[in-house]
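Below is model39.cif, which holds mmCIF, C-alpha atoms.
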```
data_work
loop_
_atom_site.label_atom_id
_atom_site.label_comp_id
_atom_site.auth_asym_id
_atom_site.auth_seq_id
_atom_site.Cartn_x
_atom_site.Cartn_y
_atom_site.Cartn_z
CA MET X 26 126.80 96.60 122.42
CA SER X 27 127.61 95.75 118.79
CA ASN X 28 127.61 98.43 116.14
CA LYS X 29 124.42 98.54 114.12
CA LYS X 30 124.46 98.73 110.35
CA ILE X 31 121.54 100.04 108.32
CA ALA X 32 120.98 98.62 104.82
CA PRO X 33 118.08 98.48 102.34
CA TYR X 34 115.73 95.52 102.70
CA GLY X 35 117.20 92.32 101.30
CA SER X 36 120.70 93.71 100.87
CA TRP X 37 122.26 93.18 104.29
CA ASP X 38 125.03 90.63 104.82
CA SER X 39 123.64 87.74 106.83
CA PRO X 40 125.96 85.63 108.99
CA ILE X 41 123.77 82.64 108.12
CA THR X 42 125.01 81.14 104.86
CA ALA X 43 124.06 78.05 102.89
CA ASP X 44 127.43 76.53 103.75
CA LEU X 45 126.76 77.11 107.43
CA LEU X 46 123.43 75.31 107.18
CA VAL X 47 124.62 72.21 105.33
CA GLY X 48 128.36 72.16 105.77
CA GLY X 49 129.60 69.09 107.61
CA THR X 50 126.17 67.47 107.79
CA ILE X 51 126.52 63.87 106.61
CA SER X 52 123.36 62.17 105.37
CA LEU X 53 122.90 58.45 106.00
CA GLY X 54 120.90 56.11 103.78
CA GLN X 55 120.50 52.88 101.82
CA LEU X 56 121.07 50.25 104.49
CA VAL X 57 122.13 46.82 103.20
CA VAL X 58 123.00 43.72 105.23
CA ASP X 59 125.24 40.92 103.97
CA GLY X 60 125.88 38.17 106.49
CA ASP X 61 127.36 39.76 109.62
CA ALA X 62 128.24 42.98 107.80
CA VAL X 63 126.14 46.14 107.70
CA TYR X 64 126.50 48.64 104.85
CA TRP X 65 125.11 52.12 104.29
CA THR X 66 125.79 55.22 102.22
CA GLU X 67 127.03 58.56 103.49
CA GLY X 68 126.43 61.75 101.51
CA ARG X 69 129.40 63.98 102.32
CA PRO X 70 129.18 67.74 101.66
CA THR X 71 132.88 68.18 102.41
CA GLU X 72 133.70 65.80 99.53
CA GLY X 73 131.60 67.55 96.92
CA GLY X 74 128.44 65.76 97.99
CA ARG X 75 129.62 62.36 96.81
CA TYR X 76 128.08 59.19 98.28
CA VAL X 77 130.39 56.70 99.95
CA VAL X 78 129.49 53.09 100.76
CA VAL X 79 130.54 52.32 104.34
CA LYS X 80 130.89 48.84 105.85
CA TRP X 81 130.66 47.88 109.51
CA THR X 82 131.41 44.59 111.25
CA ALA X 83 131.72 43.81 114.94
CA ALA X 84 135.28 42.62 114.42
CA GLY X 85 136.54 45.31 112.09
CA GLY X 86 134.46 48.36 112.93
CA ARG X 87 133.60 50.81 110.16
CA VAL X 88 135.50 51.10 106.90
CA ASP X 89 134.96 53.47 103.96
CA LEU X 90 134.76 51.40 100.78
CA THR X 91 134.16 53.87 97.94
CA PRO X 92 137.40 55.64 97.01
CA ALA X 93 137.37 59.13 95.51
CA PRO X 94 136.37 60.17 92.91
CA PHE X 95 133.74 57.40 92.76
CA ASN X 96 130.24 58.43 93.84
CA ALA X 97 127.76 55.62 94.61
CA ARG X 98 124.62 57.24 93.25
CA THR X 99 122.20 56.27 90.49
CA ARG X 100 120.10 58.60 88.34
CA VAL X 101 117.34 56.10 87.53
CA HIS X 102 114.02 57.93 88.04
CA GLU X 103 116.28 60.84 89.14
CA TYR X 104 115.37 60.39 92.83
CA GLY X 105 118.11 57.86 93.56
CA GLY X 106 118.17 55.03 96.07
CA GLY X 107 119.01 51.44 95.23
CA SER X 108 122.42 52.51 93.95
CA TYR X 109 124.28 49.45 95.22
CA THR X 110 123.93 45.86 96.39
CA VAL X 111 126.28 43.50 98.20
CA HIS X 112 126.77 39.78 97.62
CA TYR X 113 129.29 37.87 99.75
CA GLY X 114 131.29 41.02 100.34
CA ASN X 115 131.30 42.10 96.70
CA VAL X 116 129.85 45.60 96.34
CA ILE X 117 128.18 46.41 93.02
CA PHE X 118 127.35 50.09 92.69
CA ALA X 119 126.32 52.71 90.14
CA ASN X 120 128.83 55.53 89.72
CA PHE X 121 127.23 58.95 89.36
CA ALA X 122 129.60 60.42 86.76
CA ASP X 123 129.11 57.77 84.06
CA GLN X 124 126.22 55.68 85.49
CA ARG X 125 128.15 52.49 84.81
CA LEU X 126 128.03 49.65 87.30
CA TYR X 127 131.25 48.83 89.14
CA ARG X 128 132.18 45.81 91.22
CA GLN X 129 134.43 46.22 94.23
CA GLN X 130 135.71 42.97 95.66
CA PRO X 131 136.81 42.82 99.32
CA GLY X 132 140.05 44.76 99.64
CA GLY X 133 139.99 45.72 95.97
CA ILE X 134 139.33 48.77 93.83
CA PRO X 135 136.17 49.36 91.77
CA GLU X 136 136.22 47.71 88.34
CA PRO X 137 133.61 48.49 85.63
CA VAL X 138 131.23 45.63 84.85
CA THR X 139 129.03 47.38 82.24
CA PRO X 140 130.00 49.10 78.96
CA ASP X 141 130.57 52.84 78.75
CA TRP X 142 127.71 54.23 76.69
CA GLY X 143 128.68 57.80 77.47
CA ALA X 144 126.84 60.59 79.30
CA GLY X 145 124.84 58.18 81.43
CA ALA X 146 122.90 56.85 78.43
CA ILE X 147 122.15 53.62 80.31
CA ARG X 148 121.47 53.66 84.04
CA PHE X 149 120.94 50.88 86.57
CA ALA X 150 119.29 50.61 90.00
CA ASP X 151 117.61 48.34 92.54
CA GLY X 152 119.76 45.29 91.86
CA VAL X 153 119.66 41.85 93.45
CA MET X 154 122.22 39.12 92.78
CA ASP X 155 121.24 35.58 91.84
CA GLY X 156 124.02 33.44 93.24
CA ARG X 157 123.04 30.47 91.06
CA ASN X 158 124.31 32.03 87.83
CA GLY X 159 126.14 35.14 89.03
CA ARG X 160 123.73 37.46 87.21
CA LEU X 161 122.31 40.71 88.52
CA LEU X 162 118.58 41.31 88.27
CA CYS X 163 117.95 45.06 88.22
CA ILE X 164 116.11 48.00 86.72
CA ARG X 165 117.57 49.56 83.56
CA GLU X 166 116.72 53.04 82.32
CA ASP X 167 117.73 53.46 78.66
CA HIS X 168 118.30 56.98 77.30
CA ARG X 169 119.89 55.96 74.00
CA GLN X 170 116.82 57.12 72.06
CA ALA X 171 116.96 60.68 73.46
CA PRO X 172 115.26 63.13 73.08
CA ALA X 173 112.49 60.51 73.19
CA GLU X 174 111.46 59.49 76.69
CA ALA X 175 113.71 56.95 78.37
CA THR X 176 112.51 53.35 78.51
CA ASN X 177 112.57 51.33 81.71
CA SER X 178 112.75 47.56 81.95
CA LEU X 179 113.57 44.68 84.26
CA ILE X 180 116.76 43.01 83.09
CA SER X 181 119.25 40.26 83.79
CA LEU X 182 122.85 41.40 83.55
CA ARG X 183 126.15 39.56 83.12
CA LEU X 184 128.84 41.38 85.07
CA ASP X 185 131.58 40.93 82.48
CA GLY X 186 131.95 44.51 81.25
CA HIS X 187 130.34 43.82 77.87
CA ASP X 188 126.64 43.30 78.62
CA ASP X 189 123.96 45.99 78.84
CA GLY X 190 121.34 43.49 79.94
CA THR X 191 118.80 40.96 78.71
CA ILE X 192 115.25 42.27 79.03
CA LEU X 193 112.99 40.07 81.17
CA ALA X 194 110.00 42.41 81.43
CA SER X 195 109.17 45.60 79.53
CA GLY X 196 106.24 47.66 78.28
CA ASN X 197 105.42 49.55 81.47
CA ASP X 198 106.67 53.05 82.16
CA PHE X 199 108.39 52.21 85.45
CA TYR X 200 109.76 49.17 87.30
CA SER X 201 111.10 48.56 90.80
CA SER X 202 111.65 46.12 93.64
CA PRO X 203 112.75 42.85 92.00
CA THR X 204 112.96 40.19 94.71
CA ILE X 205 113.91 36.52 94.37
CA SER X 206 112.20 33.79 96.38
CA PRO X 207 114.36 31.84 98.86
CA ASN X 208 114.43 28.78 96.57
CA GLY X 209 115.36 30.93 93.57
CA LYS X 210 112.40 29.75 91.51
CA GLN X 211 110.17 32.84 91.55
CA LEU X 212 110.59 36.56 91.04
CA ALA X 213 108.30 39.37 92.19
CA TRP X 214 108.47 43.01 91.08
CA LEU X 215 106.45 46.22 90.80
CA THR X 216 105.37 48.31 87.81
CA TRP X 217 103.41 51.51 87.28
CA ASN X 218 102.54 53.84 84.44
CA HIS X 219 101.98 57.51 83.70
CA PRO X 220 100.29 59.57 85.04
CA ASN X 221 100.51 57.62 88.31
CA MET X 222 103.22 57.99 90.87
CA PRO X 223 103.98 54.76 92.78
CA TRP X 224 101.91 55.93 95.76
CA ASP X 225 98.90 56.34 93.42
CA GLY X 226 98.79 52.93 91.78
CA THR X 227 101.20 50.06 91.14
CA ASP X 228 100.98 46.46 89.95
CA LEU X 229 102.61 43.55 91.77
CA TRP X 230 103.84 40.82 89.41
CA LEU X 231 104.93 37.26 90.11
CA ALA X 232 106.63 34.90 87.66
CA ASP X 233 108.62 31.68 87.54
CA LEU X 234 112.35 32.40 87.33
CA GLY X 235 114.43 29.93 85.36
CA ILE X 236 117.96 29.59 83.98
CA ASP X 237 118.54 28.27 80.46
CA ALA X 238 121.42 26.13 79.18
CA GLU X 239 123.58 29.22 78.58
CA GLY X 240 123.06 30.49 82.12
CA ASN X 241 120.59 33.20 81.12
CA HIS X 242 117.56 34.06 83.22
CA THR X 243 114.10 33.32 81.88
CA LEU X 244 110.67 34.39 83.12
CA SER X 245 107.48 32.42 82.55
CA ASN X 246 103.89 32.33 83.79
CA ALA X 247 103.97 36.00 84.76
CA GLN X 248 100.79 37.18 86.46
CA GLN X 249 99.64 40.36 88.16
CA ILE X 250 98.59 39.28 91.65
CA ALA X 251 97.77 42.62 93.29
CA GLY X 252 97.52 46.33 92.68
CA GLY X 253 96.04 48.46 89.95
CA LYS X 254 95.74 52.07 88.92
CA ASP X 255 94.04 52.94 92.24
CA GLU X 256 95.98 50.63 94.58
CA SER X 257 99.53 51.30 95.70
CA ILE X 258 101.76 48.30 96.47
CA PHE X 259 105.00 48.78 98.39
CA GLN X 260 107.98 46.56 99.22
CA PRO X 261 107.30 42.98 98.13
CA ARG X 262 109.45 40.70 100.29
CA TRP X 263 109.75 36.95 100.74
CA SER X 264 109.56 35.38 104.18
CA PRO X 265 112.09 32.68 105.12
CA ASP X 266 109.47 29.99 104.37
CA GLY X 267 108.91 31.31 100.83
CA THR X 268 105.67 33.26 101.33
CA LEU X 269 105.39 36.57 99.47
CA TYR X 270 104.47 39.58 101.63
CA TYR X 271 103.82 43.16 100.59
CA ILE X 272 102.17 46.40 101.68
CA SER X 273 98.97 47.64 100.01
CA ASP X 274 96.76 50.69 100.52
CA ARG X 275 93.58 49.00 99.26
CA SER X 276 91.94 49.76 102.64
CA ASN X 277 93.09 53.40 102.34
CA TRP X 278 95.86 52.54 104.80
CA TRP X 279 99.20 51.01 103.85
CA ASN X 280 98.80 47.65 105.59
CA LEU X 281 100.62 44.31 105.42
CA TYR X 282 99.37 41.47 103.20
CA ARG X 283 100.60 38.11 102.00
CA TRP X 284 99.93 35.99 98.91
CA ASP X 285 98.98 32.35 99.52
CA GLY X 286 99.34 31.31 95.90
CA THR X 287 95.72 32.06 95.06
CA ASN X 288 94.49 34.94 97.19
CA GLU X 289 95.84 37.84 99.20
CA GLU X 290 95.37 37.92 102.94
CA PRO X 291 95.57 40.96 105.25
CA ILE X 292 97.98 40.30 108.12
CA TYR X 293 97.13 43.02 110.60
CA PRO X 294 94.36 45.44 109.55
CA MET X 295 94.98 48.73 111.29
CA ALA X 296 94.31 52.44 110.80
CA ALA X 297 98.02 53.08 110.40
CA GLU X 298 100.61 53.38 107.65
CA PHE X 299 103.11 50.52 107.43
CA GLY X 300 104.47 51.88 104.15
CA GLN X 301 105.67 55.21 102.83
CA PRO X 302 105.78 57.04 99.49
CA GLN X 303 108.27 55.34 97.19
CA TRP X 304 110.24 58.40 96.19
CA ALA X 305 113.43 56.35 95.92
CA PHE X 306 114.48 52.75 95.40
CA GLY X 307 115.50 50.48 98.24
CA GLN X 308 113.09 51.58 100.95
CA SER X 309 112.32 49.01 103.65
CA THR X 310 109.76 49.33 106.44
CA TYR X 311 109.72 45.68 107.54
CA ASP X 312 111.83 42.53 107.65
CA PHE X 313 111.58 39.02 109.06
CA ALA X 314 113.08 37.88 112.35
CA ASP X 315 111.83 34.41 111.40
CA ALA X 316 109.03 32.90 109.32
CA ASN X 317 106.48 33.79 111.98
CA THR X 318 107.76 37.18 113.17
CA LEU X 319 107.88 40.52 111.41
CA ILE X 320 109.74 43.57 112.65
CA CYS X 321 107.99 46.60 111.20
CA TRP X 322 107.84 50.37 111.22
CA TYR X 323 104.50 52.17 111.16
CA THR X 324 103.05 55.59 111.82
CA GLN X 325 99.73 56.28 113.53
CA ASN X 326 98.21 59.57 114.63
CA GLY X 327 101.38 61.39 113.69
CA SER X 328 103.72 59.17 115.73
CA SER X 329 106.10 56.50 114.43
CA SER X 330 106.88 53.18 116.11
CA ILE X 331 108.89 50.02 115.52
CA ALA X 332 107.17 46.83 116.61
CA SER X 333 107.26 43.05 116.51
CA LEU X 334 104.31 41.39 114.77
CA ASP X 335 103.54 37.74 115.55
CA ILE X 336 101.99 36.50 112.32
CA THR X 337 100.23 33.49 113.89
CA SER X 338 98.67 35.23 116.89
CA ARG X 339 98.35 38.57 115.04
CA GLN X 340 99.80 40.37 118.06
CA LEU X 341 101.62 43.67 117.53
CA THR X 342 104.11 44.61 120.26
CA PRO X 343 105.80 48.04 119.98
CA PHE X 344 109.41 48.36 121.14
CA ASP X 345 110.52 50.97 123.64
CA LEU X 346 113.37 52.56 121.67
CA PRO X 347 115.14 55.89 122.11
CA TYR X 348 115.20 56.43 118.34
CA VAL X 349 112.61 55.57 115.71
CA GLY X 350 113.08 55.24 111.97
CA SER X 351 112.43 53.09 108.96
CA ASN X 352 114.87 51.33 106.63
CA ILE X 353 114.32 48.18 108.69
CA HIS X 354 116.68 45.21 108.29
CA ILE X 355 117.27 42.06 110.34
CA THR X 356 120.51 40.08 110.37
CA ASN X 357 121.55 37.37 112.82
CA ASN X 358 118.82 38.32 115.31
CA ARG X 359 119.84 41.98 115.26
CA LEU X 360 117.62 44.89 114.26
CA ILE X 361 119.36 47.41 112.00
CA TYR X 362 117.66 50.67 111.08
CA LEU X 363 118.24 54.37 110.53
CA GLY X 364 116.85 56.12 113.59
CA GLY X 365 116.38 59.64 114.80
CA SER X 366 114.45 61.68 117.32
CA ALA X 367 112.64 64.99 117.26
#
```
Can the structure in the file be given as structure tokens, please?
Amino acid sequence: MSNKKIAPYGSWDSPITADLLVGGTISLGQLVVDGDAVYWTEGRPTEGGRYVVVKWTAAGGRVDLTPAPFNARTRVHEYGGGSYTVHYGNVIFANFADQRLYRQQPGGIPEPVTPDWGAGAIRFADGVMDGRNGRLLCIREDHRQAPAEATNSLISLRLDGHDDGTILASGNDFYSSPTISPNGKQLAWLTWNHPNMPWDGTDLWLADLGIDAEGNHTLSNAQQIAGGKDESIFQPRWSPDGTLYYISDRSNWWNLYRWDGTNEEPIYPMAAEFGQPQWAFGQSTYDFADANTLICWYTQNGSSSIASLDITSRQLTPFDLPYVGSNIHITNNRLIYLGGSA
């Protein structure tokens, strides 16, 4: 029998420490697919909590890409997510210490591609590359007018180390989810304003995306096609045939919809949640296997499932999987997601 020790309430030495609870536990997040390669971030307590971008391919296995002391983490909206994107093997990520964007070419080291404004005065997140002109479309959070509130905008950014972005859309308090149509001619994005959080009410915007003679992006014919102060829109995404899909809670359930150019159409009305609160950038609860097939995550009656949804027949077929999770991505007929079990 062990020796007992008597101590006043709250003053005994517990063998359970904070380090014991979190030490060695790696968090996984921010899945990205680029061709045959799968990328994700790992938050590593043993490395000071820094986030490392990891790449996996069938031929090469897993490789850590982000060398110390770099930390792939953005402070836009403070909740993180959307800290990096990948385009033909080039990783563009926000570094936590200075909030600059860095580009890491295959086999190379990170090189800064935005100016150093000091103390994270300008922050970037939720980027998507336009391969036509080599510009990054992303969200910029500008703190240069501190202590006034930071301003958010949707920008186009040259990755030459000297550009802090050309504003394409501004005036709302928050922006997220820029997504380019397959033909490159349209851009969709989300906005919302105080006092709403994105799960309270958001606006879905659609505009024509052009490129001028100098290679700069232009937006025209912008229109709000869904949402409002009492309707939450989540994850706009283009299908392979160029149809815009999104998730809306207008029925009091986060269900799937699509935009036909004039009206919105519910895809599969159901008393279930196909979306989730947008605490962070880069969340994904569905993707396309092809133009007629969605792979989606949803939760109903407290249980989560991953299913295939035939858009033509409107048939939902749940998968029998040992692990369930969101962050859904499809690449080369493979389902990639972050899964877990209770």
Kindly provide, as a PyMOL selection string, the polymer residues lying within 9 Å of (97.5, 54.2, 88.4), counting only C-alpha atoms and using the coordinates exactly as they appear in the file.
-> chain X and resi 217-228+252-257
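You will find atom CA of X:Asp123 at 6.0 Å from atom CA of X:Ala144.
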Kindly resolve the PyMOL selection byres ((chain X and resi 56) around 9) on the present coordinates and return the residues as a count of residues only.
-> 18
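The space between atom CA of X:Pro347 and atom CA of X:Ala332 spans 13.3 Å.
Every protein, DNA or RNA residue with an atom at most 8 Å from X:Leu126, where all atoms listed in the file count and chain neighbours fewer than 2 positions away do not, is listed here: Ile117, Phe118, Ala119, Asn120, Gln124, Arg128, Pro137, Val138, Thr139 and Phe149 of chain X.
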Could the residues in this selection be saved with C-alpha atoms as a CSV table (one decimal), keeping the file's coordinate frame?
```
chain,number,residue,atom,x,y,z
X,117,ILE,CA,128.2,46.4,93.0
X,118,PHE,CA,127.4,50.1,92.7
X,119,ALA,CA,126.3,52.7,90.1
X,120,ASN,CA,128.8,55.5,89.7
X,124,GLN,CA,126.2,55.7,85.5
X,128,ARG,CA,132.2,45.8,91.2
X,137,PRO,CA,133.6,48.5,85.6
X,138,VAL,CA,131.2,45.6,84.8
X,139,THR,CA,129.0,47.4,82.2
X,149,PHE,CA,120.9,50.9,86.6
```
Evaluate the PyMOL selection byres ((chain X and resi 75) around 10) and report residues as number ranges by chain | X: 66-74, 76-77, 91, 93-98, 120-121
Going by the chain IDs and residue numbers used in this file, which residues fall under the PyMOL selection byres ((chain X and resi 147) around 7)? Write them as a JSON list (two decimals) with C-alpha atoms, keeping the file's coordinate frame.
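Once everything was written out, this is out_27.json:
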```json
[["chain", "number", "residue", "atom", "x", "y", "z"],
["X", 124, "GLN", "CA", 126.22, 55.68, 85.49],
["X", 142, "TRP", "CA", 127.71, 54.23, 76.69],
["X", 145, "GLY", "CA", 124.84, 58.18, 81.43],
["X", 146, "ALA", "CA", 122.90, 56.85, 78.43],
["X", 148, "ARG", "CA", 121.47, 53.66, 84.04],
["X", 149, "PHE", "CA", 120.94, 50.88, 86.57],
["X", 165, "ARG", "CA", 117.57, 49.56, 83.56],
["X", 166, "GLU", "CA", 116.72, 53.04, 82.32],
["X", 167, "ASP", "CA", 117.73, 53.46, 78.66],
["X", 168, "HIS", "CA", 118.30, 56.98, 77.30]]
```
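Relative to atom CA of X:Tyr270, atom CA of X:Tyr282 is found at 5.7 Å.
Residues lying within 10 Å of X:Tyr293, counting only C-alpha atoms and ignoring same-chain neighbours fewer than 6 positions away, are Asn280, Leu281, Tyr282, Leu334, Asp335, Ile336, Arg339, Gln340 and Leu341 of chain X.
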Between X:Asp141, X:Ile134, X:Leu244, X:Gly235, smallest distance to X:Gly186 by all atoms listed in the file belongs to X:Asp141
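Between X:Asn241 and the residues X:Ala122, X:Ala150, X:Leu182, X:Cys321, the shortest atom-to-atom distance, using all atoms listed in the file, involves X:Leu182.
When all atoms listed in the file are used to measure the gap to X:Pro135, the shortest distance among X:Val116, X:Ile272, X:Ile331, X:Leu231 belongs to X:Val116.
Distance annotation: of X:Thr356, X:Gln260, X:Thr50, X:Ser181, the residue with the minimal separation from X:Gly159 is X:Ser181; atom set is all atoms listed in the file.
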